[in-house]
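Asks: Provided below: work_12.txt, containing compact mmCIF, C-alpha atoms.
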# COMPACT_ATOMS: atom_id res chain seq x y z
CA MET A 1346 88.46 133.53 140.33
CA THR A 1347 85.07 134.99 141.16
CA THR A 1348 82.69 136.86 138.88
CA THR A 1349 83.51 140.06 140.76
CA GLN A 1350 87.24 139.58 140.18
CA ILE A 1351 86.62 138.96 136.48
CA MET A 1352 84.60 142.17 136.20
CA GLN A 1353 87.34 144.14 137.95
CA GLU A 1354 90.01 142.68 135.65
CA ALA A 1355 87.98 143.71 132.61
CA LEU A 1356 87.30 147.18 134.01
CA ALA A 1357 91.01 147.73 134.68
CA LEU A 1358 91.85 146.81 131.08
CA SER A 1359 89.28 149.29 129.76
CA GLY A 1360 90.49 152.33 131.65
CA LEU A 1361 86.87 153.28 132.44
CA ALA A 1362 86.25 154.84 135.84
CA GLU A 1363 83.23 152.69 136.71
CA ILE A 1364 81.22 149.73 135.50
CA PRO A 1365 78.78 150.91 132.77
CA GLY A 1366 75.07 150.18 133.11
CA ASP A 1367 75.18 147.64 130.28
CA CYS A 1368 77.64 145.40 132.15
CA GLY A 1369 76.78 143.30 135.16
CA ILE A 1370 76.67 140.05 137.08
CA VAL A 1371 73.34 138.21 137.01
CA VAL A 1372 74.39 135.10 138.97
CA GLU A 1373 77.50 135.30 141.14
CA GLY A 1374 80.14 132.59 140.86
CA GLU A 1375 83.40 131.59 142.51
CA ASN A 1376 86.22 129.09 141.90
CA ILE A 1377 85.82 129.81 138.17
CA THR A 1378 88.23 127.91 135.94
CA ARG A 1379 86.12 127.03 132.87
CA ILE A 1380 84.40 129.83 130.96
CA LEU A 1381 81.97 129.61 128.04
CA ALA A 1382 82.16 133.01 126.33
CA GLY A 1383 80.29 134.45 123.35
CA ILE A 1384 78.82 137.57 121.82
CA ASP A 1385 75.17 136.69 122.51
CA MET A 1386 74.77 134.22 125.37
CA GLU A 1387 71.10 133.61 125.98
CA THR A 1388 68.95 130.77 127.31
CA ALA A 1389 70.30 128.07 124.98
CA GLU A 1390 73.92 128.96 125.74
CA ILE A 1391 73.25 129.08 129.48
CA VAL A 1392 71.75 125.57 129.36
CA LEU A 1393 74.70 124.43 127.22
CA GLY A 1394 77.14 125.84 129.75
CA ARG A 1395 75.44 123.97 132.58
CA ARG A 1396 75.28 120.67 130.66
CA LEU A 1397 78.94 120.84 129.65
CA GLY A 1398 80.13 121.65 133.16
CA TYR A 1399 81.35 125.23 132.73
CA ASP A 1400 81.75 127.45 135.78
CA LEU A 1401 80.65 130.65 134.05
CA VAL A 1402 78.72 131.80 130.99
CA LEU A 1403 80.09 135.16 129.83
CA SER A 1404 78.16 137.27 127.31
CA HIS A 1405 79.27 140.37 125.46
CA HIS A 1406 75.90 141.79 124.45
CA PRO A 1407 73.55 142.81 127.26
CA VAL A 1408 70.83 140.38 126.20
CA THR A 1409 69.20 139.93 129.61
CA GLY A 1410 69.10 141.01 133.23
CA PRO A 1411 69.98 144.43 134.66
CA MET A 1412 72.51 145.19 131.92
CA GLN A 1413 69.73 144.96 129.33
CA ALA A 1414 67.28 146.94 131.43
CA HIS A 1415 69.90 149.62 132.11
CA PHE A 1416 71.44 149.66 128.64
CA HIS A 1417 70.61 153.34 128.19
CA LEU A 1418 72.70 154.27 131.24
CA ALA A 1419 75.85 153.34 129.33
CA SER A 1420 75.25 156.03 126.73
CA SER A 1421 77.54 158.41 128.63
CA TYR A 1422 80.35 156.69 126.76
CA LEU A 1423 79.03 158.35 123.59
CA GLY A 1424 79.68 161.73 125.15
CA GLU A 1425 83.21 160.68 126.10
CA LEU A 1426 83.91 159.57 122.53
CA LEU A 1427 82.65 162.86 121.15
CA GLU A 1428 84.93 164.83 123.45
CA LYS A 1429 87.89 162.67 122.40
CA ALA A 1430 87.03 163.45 118.79
CA GLY A 1431 87.18 167.18 119.53
CA ALA A 1432 83.61 168.16 120.35
CA PRO A 1433 83.11 170.60 123.27
CA ALA A 1434 81.73 169.17 126.49
CA ASN A 1435 78.33 170.87 126.16
CA ALA A 1436 77.74 169.45 122.67
CA ALA A 1437 78.82 166.00 123.83
CA GLN A 1438 76.51 166.23 126.84
CA LYS A 1439 73.49 167.13 124.70
CA VAL A 1440 74.06 164.24 122.28
CA HIS A 1441 74.57 161.84 125.20
CA GLU A 1442 71.33 162.93 126.88
CA ASN A 1443 69.33 162.60 123.66
CA MET A 1444 70.73 159.12 123.05
CA ARG A 1445 70.02 158.01 126.61
CA GLU A 1446 66.38 159.07 126.34
CA ARG A 1447 65.97 157.32 122.99
CA GLN A 1448 67.53 154.08 124.23
CA ALA A 1449 65.41 154.14 127.38
CA ARG A 1450 62.23 154.36 125.30
CA ASN A 1451 63.40 151.57 123.00
CA ASN A 1452 63.84 149.34 126.06
CA HIS A 1453 60.20 149.56 127.14
CA PRO A 1454 59.01 146.32 125.43
CA VAL A 1455 62.06 144.24 126.37
CA ASN A 1456 61.67 141.06 128.44
CA TYR A 1457 64.91 141.45 130.37
CA GLY A 1458 64.18 138.60 132.78
CA ARG A 1459 64.03 135.73 130.31
CA SER A 1460 67.59 134.39 130.10
CA ALA A 1461 68.52 135.84 133.48
CA ASP A 1462 65.84 133.73 135.15
CA THR A 1463 67.12 130.62 133.36
CA ALA A 1464 70.58 131.24 134.81
CA ARG A 1465 69.14 131.73 138.29
CA VAL A 1466 66.98 128.57 138.15
CA LEU A 1467 69.95 126.51 136.95
CA GLY A 1468 72.34 128.14 139.39
CA MET A 1469 74.59 128.92 136.42
CA PRO A 1470 77.00 131.83 137.06
CA TYR A 1471 76.32 134.40 134.36
CA MET A 1472 77.59 137.88 133.57
CA GLY A 1473 77.78 140.38 130.72
CA ILE A 1474 80.57 142.72 129.62
CA HIS A 1475 79.49 145.11 126.86
CA ASN A 1476 80.78 148.68 126.84
CA ILE A 1477 83.86 147.67 128.83
CA ALA A 1478 84.88 145.33 126.00
CA ASP A 1479 83.90 147.84 123.30
CA ALA A 1480 86.03 150.52 124.98
CA ILE A 1481 89.00 148.13 124.93
CA GLY A 1482 88.40 147.10 121.32
CA GLY A 1483 87.89 150.67 120.15
CA LYS A 1484 91.13 151.86 121.73
CA LYS A 1485 93.09 148.92 120.31
CA LEU A 1486 91.75 149.46 116.78
CA GLN A 1487 92.25 153.24 117.01
CA ALA A 1488 95.90 152.73 117.99
CA HIS A 1489 96.40 150.36 115.05
CA LEU A 1490 94.91 152.87 112.59
CA ASP A 1491 96.77 155.85 114.05
CA SER A 1492 100.08 154.03 113.75
CA ALA A 1493 99.46 152.86 110.19
CA LEU A 1494 98.17 156.26 108.99
CA GLU A 1495 100.81 158.44 110.64
CA GLY A 1496 102.48 160.67 108.06
CA ARG A 1497 100.06 159.61 105.32
CA PRO A 1498 97.81 162.61 104.59
CA GLU A 1499 97.12 161.17 101.13
CA ALA A 1500 95.58 157.97 102.52
CA THR A 1501 92.24 157.01 100.96
CA LEU A 1502 89.26 155.01 102.18
CA LYS A 1503 90.62 152.05 100.23
CA ASP A 1504 93.87 152.34 102.17
CA VAL A 1505 91.95 152.37 105.46
CA CYS A 1506 90.09 149.19 104.48
CA GLY A 1507 93.43 147.55 103.75
CA ILE A 1508 94.76 148.54 107.16
CA LEU A 1509 91.63 147.20 108.84
CA MET A 1510 92.14 143.87 107.08
CA GLU A 1511 95.45 143.48 108.92
CA VAL A 1512 93.41 142.80 112.07
CA PRO A 1513 93.12 139.01 112.68
CA GLU A 1514 89.46 139.18 113.69
CA TYR A 1515 88.52 140.86 110.40
CA GLN A 1516 90.55 138.32 108.44
CA LYS A 1517 88.44 135.54 109.97
CA ALA A 1518 85.07 137.26 109.55
CA ALA A 1519 82.48 136.38 106.93
CA THR A 1520 82.29 140.01 105.79
CA HIS A 1521 85.04 142.57 105.20
CA PRO A 1522 85.18 146.31 106.00
CA GLU A 1523 82.79 148.12 103.67
CA ILE A 1524 82.62 151.77 102.63
CA ILE A 1525 78.96 152.72 102.97
CA VAL A 1526 79.37 156.49 102.77
CA GLY A 1527 82.09 157.73 100.41
CA ARG A 1528 84.17 156.21 97.60
CA GLU A 1529 87.36 154.17 97.57
CA ASP A 1530 89.49 157.02 96.26
CA ASP A 1531 88.20 159.62 98.74
CA LEU A 1532 90.78 160.95 101.19
CA CYS A 1533 90.05 159.55 104.63
CA GLY A 1534 91.00 162.60 106.70
CA LYS A 1535 90.93 162.04 110.46
CA VAL A 1536 89.82 158.45 111.10
CA PHE A 1537 87.90 157.83 114.31
CA VAL A 1538 86.70 154.51 115.74
CA ILE A 1539 83.24 154.53 117.31
CA PHE A 1540 82.60 151.32 119.23
CA GLY A 1541 80.03 151.14 122.02
CA GLY A 1542 78.72 154.68 121.78
CA GLY A 1543 77.08 154.19 118.41
CA PRO A 1544 77.66 156.16 115.19
CA PHE A 1545 74.42 158.10 115.55
CA ALA A 1546 76.05 161.48 116.14
CA GLY A 1547 77.94 161.49 112.85
CA SER A 1548 77.13 165.07 111.97
CA THR A 1549 78.62 166.22 115.28
CA TYR A 1550 81.77 164.17 114.67
CA TYR A 1551 82.16 165.60 111.18
CA ARG A 1552 81.67 169.18 112.36
CA HIS A 1553 84.52 168.74 114.83
CA GLY A 1554 87.14 167.38 112.46
CA VAL A 1555 86.46 163.68 111.90
CA GLY A 1556 86.74 162.71 108.26
CA THR A 1557 85.91 159.00 108.46
CA MET A 1558 83.94 157.07 111.08
CA ILE A 1559 84.73 153.41 111.69
CA CYS A 1560 81.75 151.62 113.19
CA MET A 1561 80.13 148.19 113.51
CA HIS A 1562 76.74 148.98 111.99
CA LEU A 1563 74.68 151.95 110.86
CA PRO A 1564 70.90 152.16 110.31
CA GLU A 1565 69.96 153.06 106.75
CA GLU A 1566 68.32 156.32 107.79
CA TYR A 1567 71.65 157.59 109.13
CA ARG A 1568 73.58 156.34 106.11
CA VAL A 1569 71.26 158.29 103.83
CA GLN A 1570 71.55 161.37 106.04
CA TYR A 1571 75.36 161.34 106.13
CA GLU A 1572 75.58 160.72 102.40
CA LYS A 1573 73.23 163.60 101.71
CA GLU A 1574 75.13 165.96 104.03
CA GLY A 1575 78.41 165.05 102.33
CA MET A 1576 80.52 165.99 105.35
CA GLY A 1577 82.44 162.75 105.84
CA SER A 1578 82.73 159.02 105.21
CA VAL A 1579 81.68 155.84 107.00
CA ILE A 1580 83.32 152.41 106.96
CA VAL A 1581 81.37 149.59 108.58
CA CYS A 1582 83.30 146.61 109.93
CA ASP A 1583 81.93 143.14 110.68
CA HIS A 1584 79.96 143.42 113.92
CA MET A 1585 80.97 140.10 115.49
CA ALA A 1586 84.61 140.56 114.52
CA SER A 1587 84.62 144.08 115.95
CA ASP A 1588 83.11 142.87 119.21
CA SER A 1589 85.69 140.10 119.29
CA ILE A 1590 88.62 142.54 119.42
CA GLY A 1591 87.87 143.80 122.91
CA MET A 1592 86.53 140.47 124.15
CA ASN A 1593 89.76 138.73 123.11
CA VAL A 1594 91.84 141.15 125.17
CA ILE A 1595 89.74 140.30 128.23
CA LEU A 1596 89.67 136.56 127.53
CA HIS A 1597 93.42 136.38 126.98
CA ARG A 1598 93.88 138.05 130.37
CA LEU A 1599 91.62 135.47 132.01
CA GLU A 1600 93.57 132.71 130.28
CA GLU A 1601 96.79 134.19 131.67
CA LEU A 1602 95.20 133.94 135.12
CA GLY A 1603 94.59 130.22 134.59
CA ALA A 1604 91.08 130.04 133.14
CA GLN A 1605 90.15 127.69 130.31
CA VAL A 1606 88.04 129.68 127.83
CA THR A 1607 85.83 128.31 125.07
CA ARG A 1608 84.78 130.92 122.50
CA VAL A 1609 81.35 130.45 120.88
CA ALA A 1610 78.39 132.48 119.59
CA GLY A 1611 80.29 134.81 117.30
CA ILE A 1612 83.71 135.36 118.88
CA PHE A 1613 86.61 135.10 116.45
CA ASN A 1614 89.85 134.21 118.22
CA ASP A 1615 92.75 136.41 117.12
CA ARG A 1616 95.28 133.63 117.66
Will you turn the file into structure tokens for me?
Replies:
Amino acid sequence: MTTTQIMQEALALSGLAEIPGDCGIVVEGENITRILAGIDMETAEIVLGRRLGYDLVLSHHPVTGPMQAHFHLASSYLGELLEKAGAPANAAQKVHENMRERQARNNHPVNYGRSADTARVLGMPYMGIHNIADAIGGKKLQAHLDSALEGRPEATLKDVCGILMEVPEYQKAATHPEIIVGREDDLCGKVFVIFGGGPFAGSTYYRHGVGTMICMHLPEEYRVQYEKEGMGSVIVCDHMASDSIGMNVILHRLEELGAQVTRVAGIFNDR
């Protein structure tokens, strides 16, 4: 396999129309059979991959290179999530544009060449798959929740946490799903998974019918805002375990194609 073929396999699994800005190939590779994969693969992991004879270092988070520099360009996925949740296209577009501008400004001080240059100097094939994997993981978790909650209008936030704990990655994580806005006995309403796009448009989700957001992390300022507004609930799930869901789908596919994959740096195997 080549790095390009791996990216295309991942993209096909995601159902996305094109490669998001936060995914990319820093150093091309071919004849790839041994892959060192993790959530955050930076300079140390790149050196480790070279020393141990791997053919590719595969990162989930866009920690370097063009996918870090262009992270804000992937924010269009937030608009797509909002539309899936029921928001009109114009509202989704406005939120997406605001998020893109904010992320672009946050990127100004980033040294996006650091680990990428290490990979280039070592000749170590290196690539990152962020929103592609999050799209896969979000869809898989949403399907699991939808199936388990079907015909259960009385389901509570405690019930949702129990359903989430059926997921192997969450069973292996150091932390469990936590209700950070709402109470255990609150009805969950419509449960919506927000991976990749970020849970920063919660008020918009709530206004368009979402009762409970499932996300990986939430800044305190937003938690306080959503709690004060009292429009809906938030359950935060272990970040590394959540990232692992989509990454495992991709890695299992690569294993089916003959690759030997070693999971490090935060990936919990679901098998």
Asks: Pick out the closest residue to A:Leu1356 from this set: A:Ala1586, A:Met1561, A:Met1592, A:Leu1401. Count all atoms listed in the file.
Replies: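 Checking each candidate against A:Leu1356, we get A:Met1592 as the closest.
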Asks: Interatomic distance between atom CA of A:His1475 and atom CA of A:Asn1593?
Replies: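 Taking atom CA of A:His1475 as the start and atom CA of A:Asn1593 as the end point, the length is 12.7 Å.
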Asks: Given the choices A:Leu1393, A:Cys1582, A:Val1569, A:Leu1596, which gets closest to A:Leu1509 if the distance is worked out from all atoms listed in the file?
Replies: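 Smallest separation from A:Leu1509 among the options: A:Cys1582.
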Asks: Point out the residue among A:Arg1395, A:Lys1484, A:Arg1459, A:His1597 with the least atom-to-atom distance to A:Asp1615, counting all atoms listed in the file.
Replies: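 Of A:Arg1395, A:Lys1484, A:Arg1459, A:His1597, the one nearest A:Asp1615 is A:His1597, counting all atoms listed in the file.
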Asks: Can you measure atom CA of A:Ile1524 to atom CA of A:Gln1438 for me? One decimal in Å is fine.
Replies: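 For atom CA of A:Ile1524 relative to atom CA of A:Gln1438, the distance reads 28.9 Å.
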Asks: So that I can check the surroundings of A:Met1472, please list as a PDB file with C-alpha atoms, in the frame of the given file every protein, DNA and RNA residue that reaches within 10 Å of it, counting only C-alpha atoms and ignoring chain neighbours fewer than 3 positions away.
Replies:
ATOM      1  CA  THR A1348      82.690 136.860 138.880  1.00  0.00           C
ATOM      2  CA  THR A1349      83.510 140.060 140.760  1.00  0.00           C
ATOM      3  CA  ILE A1351      86.620 138.960 136.480  1.00  0.00           C
ATOM      4  CA  MET A1352      84.600 142.170 136.200  1.00  0.00           C
ATOM      5  CA  CYS A1368      77.640 145.400 132.150  1.00  0.00           C
ATOM      6  CA  GLY A1369      76.780 143.300 135.160  1.00  0.00           C
ATOM      7  CA  ILE A1370      76.670 140.050 137.080  1.00  0.00           C
ATOM      8  CA  VAL A1371      73.340 138.210 137.010  1.00  0.00           C
ATOM      9  CA  VAL A1372      74.390 135.100 138.970  1.00  0.00           C
ATOM     10  CA  GLU A1373      77.500 135.300 141.140  1.00  0.00           C
ATOM     11  CA  GLY A1374      80.140 132.590 140.860  1.00  0.00           C
ATOM     12  CA  ALA A1382      82.160 133.010 126.330  1.00  0.00           C
ATOM     13  CA  MET A1386      74.770 134.220 125.370  1.00  0.00           C
ATOM     14  CA  LEU A1401      80.650 130.650 134.050  1.00  0.00           C
ATOM     15  CA  VAL A1402      78.720 131.800 130.990  1.00  0.00           C
ATOM     16  CA  LEU A1403      80.090 135.160 129.830  1.00  0.00           C
ATOM     17  CA  SER A1404      78.160 137.270 127.310  1.00  0.00           C
ATOM     18  CA  HIS A1405      79.270 140.370 125.460  1.00  0.00           C
ATOM     19  CA  PRO A1407      73.550 142.810 127.260  1.00  0.00           C
ATOM     20  CA  THR A1409      69.200 139.930 129.610  1.00  0.00           C
ATOM     21  CA  GLY A1410      69.100 141.010 133.230  1.00  0.00           C
ATOM     22  CA  MET A1412      72.510 145.190 131.920  1.00  0.00           C
ATOM     23  CA  ALA A1461      68.520 135.840 133.480  1.00  0.00           C
ATOM     24  CA  ALA A1464      70.580 131.240 134.810  1.00  0.00           C
ATOM     25  CA  MET A1469      74.590 128.920 136.420  1.00  0.00           C
TER      26      MET A1469
END
Asks: With 3 Å of padding per side, what axis-aligned box (centre and edge lengths, Å, one decimal) covers all the listed atoms of stretch 1548-1556 of chain A? Give it as AutoDock Vina command-line options.
Replies:
--center_x 82.1 --center_y 165.9 --center_z 111.8 --size_x 16.0 --size_y 12.5 --size_z 13.0
Asks: Determine the nearest neighbour of A:His1489 from the options A:Leu1467, A:Ala1357, A:Leu1427, A:Ile1590, counting only C-alpha atoms.
Replies: A:Ile1590
Asks: Would you give me, as CSV, each residue of stretch 1534-1608 of chain A having an atom within 10 Å of an atom of stretch 1518-1521 of chain A, along with its shortest atom pair and that distance in Å to one decimal, using all atoms listed in the file and sorting by chain and residue number?
Replies:
residue,atom,partner,partner_atom,distance
A:Val1581,CA,A:His1521,CA,8.6
A:Cys1582,CA,A:His1521,CA,6.5
A:Asp1583,CA,A:Thr1520,CA,5.8
A:His1584,CA,A:Thr1520,CA,9.1
A:Met1585,CA,A:Ala1518,CA,7.8
A:Ala1586,CA,A:Ala1518,CA,6.0
A:Ser1587,CA,A:Ala1518,CA,9.4
Asks: Considering all atoms listed in the file, return as a PDB file with C-alpha atoms, in the frame of the given file whatever protein or nucleic-acid residues lie within 9 Å of A:Ala1437, sequence-local ones (same chain, fewer than 2 positions apart) excluded.
Replies:
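And here is the file that came out, result-v6.pdb:
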ATOM      1  CA  LEU A1423      79.030 158.350 123.590  1.00  0.00           C
ATOM      2  CA  GLY A1424      79.680 161.730 125.150  1.00  0.00           C
ATOM      3  CA  GLU A1425      83.210 160.680 126.100  1.00  0.00           C
ATOM      4  CA  LEU A1426      83.910 159.570 122.530  1.00  0.00           C
ATOM      5  CA  LEU A1427      82.650 162.860 121.150  1.00  0.00           C
ATOM      6  CA  GLU A1428      84.930 164.830 123.450  1.00  0.00           C
ATOM      7  CA  ALA A1432      83.610 168.160 120.350  1.00  0.00           C
ATOM      8  CA  PRO A1433      83.110 170.600 123.270  1.00  0.00           C
ATOM      9  CA  ALA A1434      81.730 169.170 126.490  1.00  0.00           C
ATOM     10  CA  ASN A1435      78.330 170.870 126.160  1.00  0.00           C
ATOM     11  CA  LYS A1439      73.490 167.130 124.700  1.00  0.00           C
ATOM     12  CA  VAL A1440      74.060 164.240 122.280  1.00  0.00           C
ATOM     13  CA  HIS A1441      74.570 161.840 125.200  1.00  0.00           C
ATOM     14  CA  GLU A1442      71.330 162.930 126.880  1.00  0.00           C
ATOM     15  CA  THR A1549      78.620 166.220 115.280  1.00  0.00           C
TER      16      THR A1549
END
Asks: Between atom CA of A:Glu1600 and atom CA of A:Thr1388, what is the spacing in Å?
Replies: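 Interatomic distance, atom CA of A:Thr1388 to atom CA of A:Glu1600: 24.9 Å.
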Asks: Could you check which of A:Ala1493, A:Ala1500, A:Ala1610, A:Ala1488 is closest to A:Leu1532, using only C-alpha atoms?
Replies: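 With only C-alpha atoms as the atom set, the closest residue is A:Ala1500.
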Asks: Measuring atom to atom with only C-alpha atoms, identify which of A:Gly1575, A:Gly1496, A:Gly1611, A:Gly1554 is nearest to A:Lys1429.
Replies: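 Comparing A:Gly1575, A:Gly1496, A:Gly1611, A:Gly1554 against A:Lys1429, the winner is A:Gly1554.
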Asks: For a cutoff of 12 Å around the file-coordinate point (95.0, 148.3, 110.1), which residues qualify once you count all atoms listed in the file? I'd like the result as a PDB file with C-alpha atoms, in the coordinates of the input.
Replies:
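Dumped everything to out-v2.pdb:
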ATOM      1  CA  LYS A1485      93.090 148.920 120.310  1.00  0.00           C
ATOM      2  CA  LEU A1486      91.750 149.460 116.780  1.00  0.00           C
ATOM      3  CA  GLN A1487      92.250 153.240 117.010  1.00  0.00           C
ATOM      4  CA  ALA A1488      95.900 152.730 117.990  1.00  0.00           C
ATOM      5  CA  HIS A1489      96.400 150.360 115.050  1.00  0.00           C
ATOM      6  CA  LEU A1490      94.910 152.870 112.590  1.00  0.00           C
ATOM      7  CA  ASP A1491      96.770 155.850 114.050  1.00  0.00           C
ATOM      8  CA  SER A1492     100.080 154.030 113.750  1.00  0.00           C
ATOM      9  CA  ALA A1493      99.460 152.860 110.190  1.00  0.00           C
ATOM     10  CA  LEU A1494      98.170 156.260 108.990  1.00  0.00           C
ATOM     11  CA  GLU A1495     100.810 158.440 110.640  1.00  0.00           C
ATOM     12  CA  LEU A1502      89.260 155.010 102.180  1.00  0.00           C
ATOM     13  CA  LYS A1503      90.620 152.050 100.230  1.00  0.00           C
ATOM     14  CA  ASP A1504      93.870 152.340 102.170  1.00  0.00           C
ATOM     15  CA  VAL A1505      91.950 152.370 105.460  1.00  0.00           C
ATOM     16  CA  CYS A1506      90.090 149.190 104.480  1.00  0.00           C
ATOM     17  CA  GLY A1507      93.430 147.550 103.750  1.00  0.00           C
ATOM     18  CA  ILE A1508      94.760 148.540 107.160  1.00  0.00           C
ATOM     19  CA  LEU A1509      91.630 147.200 108.840  1.00  0.00           C
ATOM     20  CA  MET A1510      92.140 143.870 107.080  1.00  0.00           C
ATOM     21  CA  GLU A1511      95.450 143.480 108.920  1.00  0.00           C
ATOM     22  CA  VAL A1512      93.410 142.800 112.070  1.00  0.00           C
ATOM     23  CA  PRO A1513      93.120 139.010 112.680  1.00  0.00           C
ATOM     24  CA  GLU A1514      89.460 139.180 113.690  1.00  0.00           C
ATOM     25  CA  TYR A1515      88.520 140.860 110.400  1.00  0.00           C
ATOM     26  CA  GLN A1516      90.550 138.320 108.440  1.00  0.00           C
ATOM     27  CA  PRO A1522      85.180 146.310 106.000  1.00  0.00           C
ATOM     28  CA  VAL A1536      89.820 158.450 111.100  1.00  0.00           C
ATOM     29  CA  VAL A1538      86.700 154.510 115.740  1.00  0.00           C
ATOM     30  CA  ILE A1559      84.730 153.410 111.690  1.00  0.00           C
ATOM     31  CA  CYS A1582      83.300 146.610 109.930  1.00  0.00           C
TER      32      CYS A1582
END
